[in-house]
Structure formats: C-alpha cells, structure tokens
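S.K.: Just so it is clear, I am handing over query.pdb, which has PDB, C-alpha atoms.
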ATOM      1  CA  GLY A 290      45.997  25.423 -30.760
ATOM      2  CA  SER A 291      45.555  29.178 -31.254
ATOM      3  CA  TRP A 292      48.516  31.289 -32.324
ATOM      4  CA  ILE A 293      49.273  34.885 -33.230
ATOM      5  CA  PHE A 294      51.706  35.318 -36.123
ATOM      6  CA  SER A 295      53.544  38.657 -36.221
ATOM      7  CA  LEU A 296      55.136  39.430 -39.588
ATOM      8  CA  GLN A 297      57.893  42.004 -39.210
ATOM      9  CA  ARG A 298      58.648  44.288 -42.187
ATOM     10  CA  ASN A 299      62.079  45.887 -42.518
ATOM     11  CA  ALA A 300      60.589  49.264 -41.639
ATOM     12  CA  GLY A 301      57.085  50.162 -40.539
ATOM     13  CA  LEU A 302      54.194  48.440 -38.852
ATOM     14  CA  PRO A 303      54.015  44.682 -38.238
ATOM     15  CA  VAL A 304      51.228  42.625 -39.775
ATOM     16  CA  LEU A 305      49.317  40.495 -37.250
ATOM     17  CA  VAL A 306      47.166  37.468 -38.027
ATOM     18  CA  ARG A 307      45.387  34.812 -35.975
ATOM     19  CA  VAL A 308      46.285  31.209 -36.879
ATOM     20  CA  GLN A 309      44.903  27.873 -35.699
ATOM     21  CA  LEU A 310      47.277  24.883 -35.911
ATOM     22  CA  GLN A 311      45.748  21.421 -35.955
ATOM     23  CA  ALA A 312      47.492  18.060 -35.783
ATOM     24  CA  GLY A 313      46.264  15.495 -38.253
ATOM     25  CA  GLN A 314      47.084  12.343 -40.183
ATOM     26  CA  PRO A 315      49.102  12.296 -42.313
ATOM     27  CA  HIS A 316      49.657  16.071 -42.227
ATOM     28  CA  TRP A 317      49.183  19.006 -39.890
ATOM     29  CA  GLN A 318      46.863  21.807 -41.009
ATOM     30  CA  ALA A 319      46.636  25.570 -40.410
ATOM     31  CA  THR A 320      43.789  28.069 -40.674
ATOM     32  CA  PHE A 321      44.496  31.793 -41.038
ATOM     33  CA  TYR A 322      41.783  34.227 -39.859
ATOM     34  CA  ASN A 323      41.154  37.786 -41.040
ATOM     35  CA  ASP A 324      37.943  38.778 -39.249
ATOM     36  CA  THR A 325      35.336  36.488 -40.924
ATOM     37  CA  GLU A 326      37.646  35.266 -43.706
ATOM     38  CA  THR A 327      39.356  31.889 -43.282
ATOM     39  CA  ILE A 328      42.284  30.585 -45.333
ATOM     40  CA  GLU A 329      42.878  26.861 -45.081
ATOM     41  CA  VAL A 330      46.437  25.561 -45.410
ATOM     42  CA  GLU A 331      47.078  21.837 -45.769
ATOM     43  CA  LYS A 332      50.143  19.617 -45.661
ATOM     44  CA  LEU A 333      52.266  21.364 -43.065
ATOM     45  CA  GLN A 334      55.659  19.703 -42.743
ATOM     46  CA  VAL A 335      56.328  19.287 -39.018
ATOM     47  CA  SER A 336      59.513  17.453 -38.124
ATOM     48  CA  ALA A 337      62.144  17.701 -35.384
ATOM     49  CA  ASP A 338      62.338  21.426 -34.549
ATOM     50  CA  SER A 339      60.823  22.791 -37.794
ATOM     51  CA  VAL A 340      57.464  23.773 -39.304
ATOM     52  CA  HIS A 341      57.380  24.423 -43.068
ATOM     53  CA  PHE A 342      54.369  25.139 -45.289
ATOM     54  CA  ASP A 343      53.331  26.889 -48.483
ATOM     55  CA  MET A 344      50.347  29.231 -48.611
ATOM     56  CA  PRO A 345      47.666  28.224 -51.144
ATOM     57  CA  VAL A 346      47.386  29.948 -54.544
ATOM     58  CA  PHE A 347      50.192  32.462 -54.079
ATOM     59  CA  GLU A 348      53.982  32.040 -54.320
ATOM     60  CA  SER A 349      54.406  32.367 -50.582
ATOM     61  CA  SER A 350      55.786  30.129 -47.828
ATOM     62  CA  PHE A 351      56.655  29.956 -44.132
ATOM     63  CA  ARG A 352      59.798  28.388 -42.682
ATOM     64  CA  LEU A 353      59.647  28.306 -38.885
ATOM     65  CA  LYS A 354      61.640  26.865 -35.995
ATOM     66  CA  ILE A 355      59.951  25.490 -32.882
ATOM     67  CA  VAL A 356      61.658  27.555 -30.179
ATOM     68  CA  ASN A 357      59.461  25.994 -27.481
ATOM     69  CA  PRO A 358      55.823  24.789 -27.237
ATOM     70  CA  GLN A 359      54.691  28.422 -26.903
ATOM     71  CA  GLN A 360      56.862  30.080 -29.558
ATOM     72  CA  LEU A 361      57.813  29.787 -33.242
ATOM     73  CA  ALA A 362      60.337  31.947 -35.092
ATOM     74  CA  GLY A 363      61.492  32.111 -38.688
ATOM     75  CA  SER A 364      60.620  33.730 -41.978
ATOM     76  CA  TRP A 365      57.876  34.315 -44.531
ATOM     77  CA  THR A 366      59.052  34.403 -48.156
ATOM     78  CA  LYS A 367      56.987  35.898 -50.952
ATOM     79  CA  GLY A 368      57.698  35.955 -54.665
ATOM     80  CA  ILE A 369      57.499  39.398 -56.291
ATOM     81  CA  SER A 370      58.333  40.679 -59.771
ATOM     82  CA  THR A 371      61.931  41.487 -58.813
ATOM     83  CA  GLY A 372      62.700  38.264 -56.941
ATOM     84  CA  MET A 373      61.924  37.097 -53.410
ATOM     85  CA  GLN A 374      60.832  39.231 -50.460
ATOM     86  CA  VAL A 375      61.692  37.893 -46.984
ATOM     87  CA  TRP A 376      60.036  38.922 -43.701
ATOM     88  CA  GLN A 377      60.930  37.819 -40.196
ATOM     89  CA  VAL A 378      58.146  36.043 -38.283
ATOM     90  CA  GLN A 379      57.521  35.674 -34.556
ATOM     91  CA  ALA A 380      54.600  33.506 -33.395
ATOM     92  CA  GLN A 381      53.197  33.063 -29.900
ATOM     93  CA  VAL A 382      50.439  30.892 -28.477
ATOM     94  CA  GLY A 383      47.355  33.019 -27.770
ATOM     95  CA  ASN A 384      44.222  34.690 -29.124
ATOM     96  CA  ALA A 385      44.795  38.436 -28.575
ATOM     97  CA  LEU A 386      46.477  40.507 -31.283
ATOM     98  CA  PRO A 387      49.518  42.337 -29.822
ATOM     99  CA  ILE A 388      48.398  45.750 -31.080
ATOM    100  CA  PRO A 389      51.381  48.172 -31.101
ATOM    101  CA  LEU A 390      49.447  50.971 -29.394
ATOM    102  CA  PRO A 391      49.382  52.087 -25.737
ATOM    103  CA  VAL A 392      46.752  50.268 -23.677
ATOM    104  CA  GLY A 393      43.633  52.359 -23.138
ATOM    105  CA  LEU A 394      39.864  52.401 -23.532
ATOM    106  CA  PRO A 395      38.540  53.772 -26.853
ATOM    107  CA  ALA A 396      37.910  57.519 -26.765
ATOM    108  CA  PHE A 397      35.676  57.397 -29.865
ATOM    109  CA  ASP A 398      33.473  55.037 -31.871
ATOM    110  CA  VAL A 399      34.500  55.073 -35.553
ATOM    111  CA  SER A 400      31.733  52.770 -36.827
ATOM    112  CA  GLY A 401      30.261  53.870 -40.149
ATOM    113  CA  ARG A 402      31.252  54.952 -43.651
ATOM    114  CA  TRP A 403      34.311  57.114 -44.180
ATOM    115  CA  ALA A 404      35.720  59.016 -47.134
ATOM    116  CA  PHE A 405      39.376  57.936 -47.137
ATOM    117  CA  SER A 406      42.219  59.609 -49.053
ATOM    118  CA  PHE A 407      45.612  58.002 -49.753
ATOM    119  CA  GLN A 408      48.507  60.254 -50.709
ATOM    120  CA  ARG A 409      50.387  59.252 -53.865
ATOM    121  CA  THR A 410      54.140  59.684 -54.285
ATOM    122  CA  ASP A 411      53.522  62.839 -56.366
ATOM    123  CA  GLY A 412      51.618  64.403 -53.461
ATOM    124  CA  SER A 413      48.120  64.032 -54.952
ATOM    125  CA  TRP A 414      45.359  62.203 -53.099
ATOM    126  CA  ARG A 415      43.627  58.985 -54.215
ATOM    127  CA  PRO A 416      40.013  58.587 -52.989
ATOM    128  CA  ALA A 417      38.666  55.480 -51.246
ATOM    129  CA  ILE A 418      35.784  54.478 -48.975
ATOM    130  CA  GLY A 419      36.093  52.837 -45.574
ATOM    131  CA  GLU A 420      33.362  50.742 -43.966
ATOM    132  CA  LEU A 421      34.266  50.255 -40.293
ATOM    133  CA  LYS A 422      32.541  48.442 -37.423
ATOM    134  CA  GLN A 423      33.640  48.961 -33.833
ATOM    135  CA  THR A 424      32.484  46.725 -30.986
ATOM    136  CA  GLY A 425      34.059  47.897 -27.747
ATOM    137  CA  SER A 426      37.708  48.209 -28.677
ATOM    138  CA  ARG A 427      37.567  45.643 -31.506
ATOM    139  CA  LEU A 428      37.605  47.167 -35.002
ATOM    140  CA  THR A 429      36.832  45.405 -38.291
ATOM    141  CA  GLY A 430      35.901  46.446 -41.811
ATOM    142  CA  THR A 431      37.421  47.109 -45.206
ATOM    143  CA  ILE A 432      38.623  49.974 -47.365
ATOM    144  CA  ILE A 433      37.603  50.128 -51.021
ATOM    145  CA  ASN A 434      39.118  52.065 -53.914
ATOM    146  CA  PRO A 435      38.048  52.026 -57.595
ATOM    147  CA  SER A 436      40.298  49.056 -58.406
ATOM    148  CA  GLY A 437      39.516  46.797 -55.438
ATOM    149  CA  ASP A 438      39.497  46.513 -51.671
ATOM    150  CA  TYR A 439      41.929  45.893 -48.825
ATOM    151  CA  ARG A 440      40.274  42.657 -47.741
ATOM    152  CA  PHE A 441      39.044  41.688 -44.271
ATOM    153  CA  LEU A 442      40.702  44.106 -41.853
ATOM    154  CA  GLU A 443      40.887  43.448 -38.119
ATOM    155  CA  GLY A 444      42.363  45.362 -35.204
ATOM    156  CA  GLU A 445      41.527  47.660 -32.296
ATOM    157  CA  VAL A 446      40.774  51.205 -31.207
ATOM    158  CA  ARG A 447      42.827  52.270 -28.195
ATOM    159  CA  GLY A 448      42.488  55.747 -26.743
ATOM    160  CA  SER A 449      42.324  58.089 -29.740
ATOM    161  CA  ALA A 450      44.107  55.828 -32.240
ATOM    162  CA  PHE A 451      43.344  52.698 -34.246
ATOM    163  CA  TYR A 452      45.317  49.843 -35.780
ATOM    164  CA  LEU A 453      44.151  47.468 -38.548
ATOM    165  CA  THR A 454      45.905  44.610 -40.361
ATOM    166  CA  ALA A 455      45.184  41.846 -42.881
ATOM    167  CA  PHE A 456      47.177  38.982 -44.428
ATOM    168  CA  ASP A 457      46.059  36.582 -47.178
ATOM    169  CA  GLY A 458      49.289  34.843 -48.117
ATOM    170  CA  ALA A 459      50.373  37.449 -50.667
ATOM    171  CA  HIS A 460      49.115  40.802 -49.401
ATOM    172  CA  SER A 461      50.275  42.184 -46.049
ATOM    173  CA  TYR A 462      48.464  45.334 -44.919
ATOM    174  CA  ALA A 463      48.747  47.552 -41.857
ATOM    175  CA  PHE A 464      46.906  50.811 -41.111
ATOM    176  CA  THR A 465      47.136  53.179 -38.166
ATOM    177  CA  ALA A 466      45.864  56.714 -37.522
ATOM    178  CA  ASN A 467      44.869  59.200 -34.852
ATOM    179  CA  ILE A 468      41.178  59.852 -34.207
ATOM    180  CA  SER A 469      40.592  63.585 -33.813
ATOM    181  CA  ASN A 470      36.851  63.323 -33.089
ATOM    182  CA  ASP A 471      33.788  61.290 -34.089
ATOM    183  CA  SER A 472      34.029  62.446 -37.715
ATOM    184  CA  THR A 473      37.728  63.112 -38.382
ATOM    185  CA  ILE A 474      40.750  60.814 -38.558
ATOM    186  CA  ALA A 475      44.180  62.299 -39.236
ATOM    187  CA  ASN A 476      47.916  61.559 -39.353
ATOM    188  CA  GLY A 477      47.260  58.116 -40.776
ATOM    189  CA  ILE A 478      49.724  55.823 -42.473
ATOM    190  CA  PHE A 479      49.214  52.707 -44.588
ATOM    191  CA  PHE A 480      51.788  49.998 -45.298
ATOM    192  CA  SER A 481      51.440  47.425 -48.074
ATOM    193  CA  GLY A 482      54.239  44.900 -48.350
ATOM    194  CA  ASN A 483      57.696  46.392 -47.924
ATOM    195  CA  ALA A 484      56.805  49.608 -49.737
ATOM    196  CA  PRO A 485      57.213  52.915 -47.882
ATOM    197  CA  GLY A 486      54.070  53.952 -46.032
ATOM    198  CA  ASP A 487      51.401  56.123 -47.661
ATOM    199  CA  ALA A 488      49.811  58.976 -45.724
ATOM    200  CA  LEU A 489      46.049  58.752 -45.310
ATOM    201  CA  LYS A 490      43.242  60.868 -43.897
ATOM    202  CA  GLU A 491      39.528  60.273 -43.388
ATOM    203  CA  LYS A 492      36.264  62.135 -42.914
ATOM    204  CA  LYS A 493      33.076  60.390 -41.836
ATOM    205  CA  ASN A 494      30.568  60.622 -44.698
ATOM    206  CA  ALA A 495      27.546  58.317 -44.911
ATOM    207  CA  GLN A 496      27.028  59.357 -48.558
ATOM    208  CA  ALA A 497      30.632  58.848 -49.694
ATOM    209  CA  LYS A 498      30.854  57.330 -53.186
ATOM    210  CA  LEU A 499      33.644  56.272 -55.520
ATOM    211  CA  GLN A 500      34.218  57.090 -59.146
ATOM    212  CA  VAL A 501      32.213  54.728 -61.387
ATOM    213  CA  PRO A 502      34.605  51.901 -62.379
ATOM    214  CA  ASP A 503      33.348  52.003 -66.002
ATOM    215  CA  SER A 504      34.993  55.406 -66.360
ATOM    216  CA  LEU A 505      38.448  54.022 -65.527
ATOM    217  CA  GLU A 506      38.958  52.133 -68.783
ATOM    218  CA  GLY A 507      37.752  52.303 -72.365
ATOM    219  CA  LEU A 508      38.633  51.877 -76.008
ATOM    220  CA  LYS A 509      41.512  53.783 -77.544
ATOM    221  CA  THR A 510      40.676  56.798 -79.696
ATOM    222  CA  GLY A 511      39.489  55.656 -83.114
ATOM    223  CA  GLN A 512      38.507  52.169 -81.958
ATOM    224  CA  LYS A 513      34.840  51.179 -82.054
ATOM    225  CA  ARG A 514      34.816  47.712 -80.492
ATOM    226  CA  LEU A 515      36.965  45.349 -78.438
ATOM    227  CA  ASP A 516      39.232  43.237 -80.677
ATOM    228  CA  PHE A 517      41.775  40.648 -79.549
ATOM    229  CA  VAL A 518      43.392  37.264 -80.242
ATOM    230  CA  PHE A 519      45.099  35.309 -77.436
ATOM    231  CA  PRO A 520      46.200  31.673 -77.001
ATOM    232  CA  ASP A 521      44.203  29.683 -74.442
ATOM    233  CA  LEU A 522      45.735  27.269 -71.908
ATOM    234  CA  ASP A 523      46.113  24.675 -74.697
ATOM    235  CA  SER A 524      47.731  27.204 -77.086
ATOM    236  CA  ASN A 525      44.608  27.406 -79.260
ATOM    237  CA  LEU A 526      43.927  30.928 -80.503
ATOM    238  CA  VAL A 527      40.767  32.550 -79.161
ATOM    239  CA  SER A 528      39.302  35.740 -80.633
ATOM    240  CA  ILE A 529      36.359  37.875 -79.664
ATOM    241  CA  ASN A 530      35.389  37.554 -83.348
ATOM    242  CA  ASP A 531      35.087  33.724 -83.266
ATOM    243  CA  SER A 532      31.769  32.402 -84.534
ATOM    244  CA  ARG A 533      30.927  30.822 -81.174
ATOM    245  CA  PHE A 534      30.557  34.332 -79.672
ATOM    246  CA  LYS A 535      28.401  35.721 -82.486
ATOM    247  CA  ASN A 536      25.123  37.266 -81.281
ATOM    248  CA  LYS A 537      25.923  36.300 -77.700
ATOM    249  CA  VAL A 538      26.470  38.403 -74.604
ATOM    250  CA  THR A 539      30.204  38.033 -73.914
ATOM    251  CA  ILE A 540      31.960  39.009 -70.697
ATOM    252  CA  VAL A 541      35.710  39.641 -70.923
ATOM    253  CA  GLN A 542      37.479  39.677 -67.546
ATOM    254  CA  LEU A 543      40.859  41.397 -67.209
ATOM    255  CA  MET A 544      42.494  40.024 -64.087
ATOM    256  CA  GLY A 545      45.677  39.078 -62.282
ATOM    257  CA  SER A 546      46.329  35.679 -60.723
ATOM    258  CA  TRP A 547      47.835  37.494 -57.695
ATOM    259  CA  CYS A 548      44.671  39.567 -57.139
ATOM    260  CA  PRO A 549      42.210  38.327 -54.462
ATOM    261  CA  ASN A 550      39.522  40.720 -55.743
ATOM    262  CA  CYS A 551      39.856  39.074 -59.166
ATOM    263  CA  MET A 552      39.440  35.675 -57.499
ATOM    264  CA  ASP A 553      36.259  36.901 -55.813
ATOM    265  CA  GLU A 554      35.028  38.139 -59.186
ATOM    266  CA  THR A 555      35.899  34.846 -60.895
ATOM    267  CA  ALA A 556      34.037  32.823 -58.267
ATOM    268  CA  PHE A 557      30.980  35.053 -58.711
ATOM    269  CA  LEU A 558      31.076  34.868 -62.521
ATOM    270  CA  SER A 559      31.557  31.065 -62.456
ATOM    271  CA  GLU A 560      28.529  30.580 -60.215
ATOM    272  CA  TYR A 561      26.523  33.040 -62.336
ATOM    273  CA  TYR A 562      27.506  31.219 -65.556
ATOM    274  CA  ASN A 563      26.659  27.797 -64.125
ATOM    275  CA  LYS A 564      23.171  28.994 -63.213
TER     276      LYS A 564
END
What's the structure tokens form of this structure?
M.R.:
Amino acid sequence: GSWIFSLQRNAGLPVLVRVQLQAGQPHWQATFYNDTETIEVEKLQVSADSVHFDMPVFESSFRLKIVNPQQLAGSWTKGISTGMQVWQVQAQVGNALPIPLPVGLPAFDVSGRWAFSFQRTDGSWRPAIGELKQTGSRLTGTIINPSGDYRFLEGEVRGSAFYLTAFDGAHSYAFTANISNDSTIANGIFFSGNAPGDALKEKKNAQAKLQVPDSLEGLKTGQKRLDFVFPDLDSNLVSINDSRFKNKVTIVQLMGSWCPNCMDETAFLSEYYNK
C-alpha cells in the first residue's frame, strides 16, 4: 500500500517521500514518488520482520524493520567520497506528507518564477531560478542553477511559510522559508544531504534568467582546441584526434555517474543520436 518515508538527518529538516509497496512473485517492489517523477525499485527482500532493498543506479540502500503493519523503522545508507553516510528512517502507512510546519491555510500563492539566491560559505550569494506551482496548499516545482536543478520538489504552503523536499536515492533535499508577501520570500534555509544548511532568499521575477552555461567553462589560456586521450570501458585509448571523428560534429559530455541531471542529458543525447 501507500507509505510515507521520513528520512531524518542528524541536524536539520527531514526529507519526506511518498512510497508505494507492492507484493509480487518472486519479489516485492517499491515505487518512490517525487511529484510527477517515479523511481522503480525491484527485488525487495522481505522476510520475517525485515525489509531490505537497494536503490537503483546509486550506492544507496534501505534496511528496515517491520514494527507493525502500519510502521517501518530503520536506516538509509548512502556511499559518499569519505565513506558511508547513515540516516535514520521512520515510515508510516498513509498518503499525506507530515510537513513540519504549523497547520494553517496558505496566506499567499507563490506560483510563478522566482529569482533565488543561495548563500555560500564565504558569505557571497549564488543565483538560481525557481519555478513553483501552488494548488491550494500543495506546492511543487524545481529550482535551477547554472550547473543543474534540484529535481522534482513537492511539499506545502501553510500560513506564511513553505516546505519542499525531494529524494532520488542519492540526493536528499529539503527547503523551507517564510513568505513575506506575494513577491518576497525570506529567512529561507536549504539542506542537501548532511551538510549544514545554506541560507536562501527569493524575489518573484517573471524575467529572471541565469548566466549562460557556455560561460562557465572554456579552454585554458594558450589552448586553441579541445585535446584529450582517455581509455574507454575496454581500455582502448580514445582521442578527439582519432580519424573516425575527422570532419564530424563531435559532442563531448563531461558528467558524473552520481548526477541525475547528467543522466537526463545522457538519455536526451542517446535518443537524439539514435534518430
């Protein structure tokens, strides 16, 4: 049935995600929902009082105990560059996200485009754009910066505050802020993983734009063209100067296997290439 998983970080806001568990033969299955995004998980190990499963693609897994038919409890473990990160997990049967805000009708409608700013550790501000859609108290959307986006966010507006979260198996996001009026959001904070929260602020701006991504990277001084040699998956050396690329349009993608935006890009480029 329908469950709400609450991932508890050591300090800061919990990450909430809707999950559907489905019995099957020979394995149980799970579907994680972030607004319109679905993440299918196969081969759940359900035995005695335990539910264990690995998230697809990422080095990430859940180990849960069946407390009773309405409740699961355990941990989510995620591999990071310095080792393993462990979060406590509480799961309850239900459909409604347990938003950690006081109950109350929305005082404002924040639908539209917003110019977001995230404060760096040195005190400077990093620009981003938010596209939000509010229906009643339900709030969805995404936030985009020059290097990618924060995926399919989902949450609520209550009174003069909002709360948004997203979880894809590797990335765990939570946002909250106060809504000053229809065009100003202040005293915001953003949590990603176990890192300390970043301050954020927003101004509604239908014309908000980001820096052109092409300006974020380029050739080193004195270099005139891209030049590289790397081994492929079979240890064969591949160079941009190989004869097979001569006089051809060549796209070079710099990506990370942990990056969902890169996966989106790869899927798009694969379909484009096949056509």
S.K.: For the file shown, report as a list in words the outcome of the PyMOL selection byres ((chain A and resi 394) around 8) at residue level.
M.R.: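 Selected by the PyMOL selection byres ((chain A and resi 394) around 8) here: Val392, Gly393, Pro395, Ala396, Ser426, Val446, Arg447 and Gly448 of chain A.
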S.K.: Could you produce a table of the residues of region 452-555 of chain A lying within 12 Å of region 366-385 of chain A, with the nearest pair of atoms per residue and their separation in Å rounded to one decimal, using only C-alpha atoms, ordered by chain and increasing residue number, as a Markdown table?
M.R.:
| residue | atom | partner | partner_atom | distance |
| --- | --- | --- | --- | --- |
| A:Asp457 | CA | A:Lys367 | CA | 11.6 |
| A:Gly458 | CA | A:Lys367 | CA | 8.3 |
| A:Ala459 | CA | A:Lys367 | CA | 6.8 |
| A:His460 | CA | A:Lys367 | CA | 9.4 |
| A:Ser461 | CA | A:Lys367 | CA | 10.4 |
| A:Gly482 | CA | A:Gln374 | CA | 8.9 |
| A:Asn483 | CA | A:Gln374 | CA | 8.2 |
| A:Ala484 | CA | A:Gln374 | CA | 11.2 |
| A:Trp547 | CA | A:Ile369 | CA | 9.9 |
S.K.: Kindly list the centre and edge lengths in Å, rounded to one decimal, for the axis-aligned box that covers all listed atoms of region 459-467 of chain A plus 8 Å on each of its six sides, as lines of an AutoDock Vina configuration file.
M.R.:
center_x = 47.6
center_y = 48.3
center_z = -42.8
size_x = 21.5
size_y = 37.8
size_z = 31.8
S.K.: In terms of the shortest atom-to-atom distance over all atoms listed in the file, which of A:Arg409, A:Gln542, A:Glu326, A:Ile355 is closest to Phe479 (chain A)?
M.R.: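 Closest candidate: A:Arg409.
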S.K.: Kindly indicate which residue among A:Pro303, A:Ala463, A:Gln297, A:Val346 lies nearest to Gly363 (chain A), using all atoms listed in the file for the distances.
M.R.: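 Selected residue with least distance to Gly363 (chain A): A:Gln297.
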S.K.: I'd like to know which of A:Phe517, A:Val308, A:Thr429, A:Thr465 is closest to Gly486 (chain A), using only C-alpha atoms.
M.R.: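 Ranked by minimum distance to Gly486 (chain A), first place goes to A:Thr465.
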S.K.: Using all atoms listed in the file, can you tell me which of A:Tyr322, A:Phe347, A:Phe557, A:Phe397 comes closest to Ile468 (chain A)?
M.R.: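 The closest residue to Ile468 (chain A) is A:Phe397.
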S.K.: Would you list the contacts of Met344 (chain A) as number ranges by chain, taking every protein, DNA or RNA residue within 10 Å and counting all atoms listed in the file, but skipping same-chain residues closer than 3 positions in sequence?
M.R.: A: 319, 321, 328-331, 333, 347-351, 365, 367, 457-459
S.K.: Pick out the closest residue to Ala362 (chain A) from this set: A:Ser295, A:Gln318, A:Thr510, A:Thr454. Count all atoms listed in the file.
M.R.: A:Ser295
S.K.: Can region 536-564 of chain A be brought up to N, CA and C atoms and written out as an mmCIF file, in the coordinates of the input?
M.R.:
data_model
loop_
_atom_site.group_PDB
_atom_site.id
_atom_site.type_symbol
_atom_site.label_atom_id
_atom_site.label_comp_id
_atom_site.auth_asym_id
_atom_site.auth_seq_id
_atom_site.Cartn_x
_atom_site.Cartn_y
_atom_site.Cartn_z
ATOM 1 N N ASN A 536 26.483 37.009 -81.791
ATOM 2 C CA ASN A 536 25.123 37.266 -81.281
ATOM 3 C C ASN A 536 24.932 36.785 -79.841
ATOM 4 N N LYS A 537 26.016 36.699 -79.097
ATOM 5 C CA LYS A 537 25.923 36.300 -77.700
ATOM 6 C C LYS A 537 26.467 37.411 -76.808
ATOM 7 N N VAL A 538 25.890 37.517 -75.614
ATOM 8 C CA VAL A 538 26.470 38.403 -74.604
ATOM 9 C C VAL A 538 27.796 37.784 -74.159
ATOM 10 N N THR A 539 28.875 38.545 -74.247
ATOM 11 C CA THR A 539 30.204 38.033 -73.914
ATOM 12 C C THR A 539 30.842 38.916 -72.853
ATOM 13 N N ILE A 540 31.272 38.288 -71.770
ATOM 14 C CA ILE A 540 31.960 39.009 -70.697
ATOM 15 C C ILE A 540 33.452 38.724 -70.823
ATOM 16 N N VAL A 541 34.262 39.771 -70.894
ATOM 17 C CA VAL A 541 35.710 39.641 -70.923
ATOM 18 C C VAL A 541 36.249 40.174 -69.602
ATOM 19 N N GLN A 542 36.943 39.312 -68.861
ATOM 20 C CA GLN A 542 37.479 39.677 -67.546
ATOM 21 C C GLN A 542 38.986 39.904 -67.661
ATOM 22 N N LEU A 543 39.432 41.093 -67.285
ATOM 23 C CA LEU A 543 40.859 41.397 -67.209
ATOM 24 C C LEU A 543 41.278 41.267 -65.754
ATOM 25 N N MET A 544 42.218 40.357 -65.482
ATOM 26 C CA MET A 544 42.494 40.024 -64.087
ATOM 27 C C MET A 544 43.968 39.693 -63.882
ATOM 28 N N GLY A 545 44.347 39.549 -62.636
ATOM 29 C CA GLY A 545 45.677 39.078 -62.282
ATOM 30 C C GLY A 545 45.557 37.881 -61.363
ATOM 31 N N SER A 546 46.402 36.881 -61.562
ATOM 32 C CA SER A 546 46.329 35.679 -60.723
ATOM 33 C C SER A 546 46.736 35.958 -59.284
ATOM 34 N N TRP A 547 47.392 37.105 -59.040
ATOM 35 C CA TRP A 547 47.835 37.494 -57.695
ATOM 36 C C TRP A 547 46.773 38.325 -56.962
ATOM 37 N N CYS A 548 45.650 38.586 -57.627
ATOM 38 C CA CYS A 548 44.671 39.567 -57.139
ATOM 39 C C CYS A 548 43.489 38.871 -56.459
ATOM 40 N N PRO A 549 43.330 38.990 -55.135
ATOM 41 C CA PRO A 549 42.210 38.327 -54.462
ATOM 42 C C PRO A 549 40.854 38.883 -54.895
ATOM 43 N N ASN A 550 40.783 40.176 -55.238
ATOM 44 C CA ASN A 550 39.522 40.720 -55.743
ATOM 45 C C ASN A 550 39.127 40.045 -57.056
ATOM 46 N N CYS A 551 40.122 39.772 -57.910
ATOM 47 C CA CYS A 551 39.856 39.074 -59.166
ATOM 48 C C CYS A 551 39.351 37.656 -58.902
ATOM 49 N N MET A 552 39.899 37.016 -57.853
ATOM 50 C CA MET A 552 39.440 35.675 -57.499
ATOM 51 C C MET A 552 37.987 35.712 -57.026
ATOM 52 N N ASP A 553 37.648 36.729 -56.241
ATOM 53 C CA ASP A 553 36.259 36.901 -55.813
ATOM 54 C C ASP A 553 35.355 37.054 -57.028
ATOM 55 N N GLU A 554 35.803 37.882 -57.975
ATOM 56 C CA GLU A 554 35.028 38.139 -59.186
ATOM 57 C C GLU A 554 34.861 36.856 -60.004
ATOM 58 N N THR A 555 35.947 36.086 -60.125
ATOM 59 C CA THR A 555 35.899 34.846 -60.895
ATOM 60 C C THR A 555 34.926 33.852 -60.276
ATOM 61 N N ALA A 556 34.966 33.739 -58.947
ATOM 62 C CA ALA A 556 34.037 32.823 -58.267
ATOM 63 C C ALA A 556 32.587 33.237 -58.516
ATOM 64 N N PHE A 557 32.337 34.549 -58.469
ATOM 65 C CA PHE A 557 30.980 35.053 -58.711
ATOM 66 C C PHE A 557 30.553 34.766 -60.146
ATOM 67 N N LEU A 558 31.429 35.067 -61.114
ATOM 68 C CA LEU A 558 31.076 34.868 -62.521
ATOM 69 C C LEU A 558 30.882 33.389 -62.834
ATOM 70 N N SER A 559 31.697 32.515 -62.218
ATOM 71 C CA SER A 559 31.557 31.065 -62.456
ATOM 72 C C SER A 559 30.200 30.568 -61.970
ATOM 73 N N GLU A 560 29.835 30.991 -60.755
ATOM 74 C CA GLU A 560 28.529 30.580 -60.215
ATOM 75 C C GLU A 560 27.401 31.141 -61.069
ATOM 76 N N TYR A 561 27.556 32.390 -61.486
ATOM 77 C CA TYR A 561 26.523 33.040 -62.336
ATOM 78 C C TYR A 561 26.378 32.279 -63.655
ATOM 79 N N TYR A 562 27.519 31.926 -64.278
ATOM 80 C CA TYR A 562 27.506 31.219 -65.556
ATOM 81 C C TYR A 562 26.858 29.852 -65.400
ATOM 82 N N ASN A 563 27.203 29.128 -64.326
ATOM 83 C CA ASN A 563 26.659 27.797 -64.125
ATOM 84 C C ASN A 563 25.147 27.784 -63.928
ATOM 85 N N LYS A 564 24.621 28.896 -63.406
ATOM 86 C CA LYS A 564 23.171 28.994 -63.213
ATOM 87 C C LYS A 564 22.452 29.363 -64.508
#
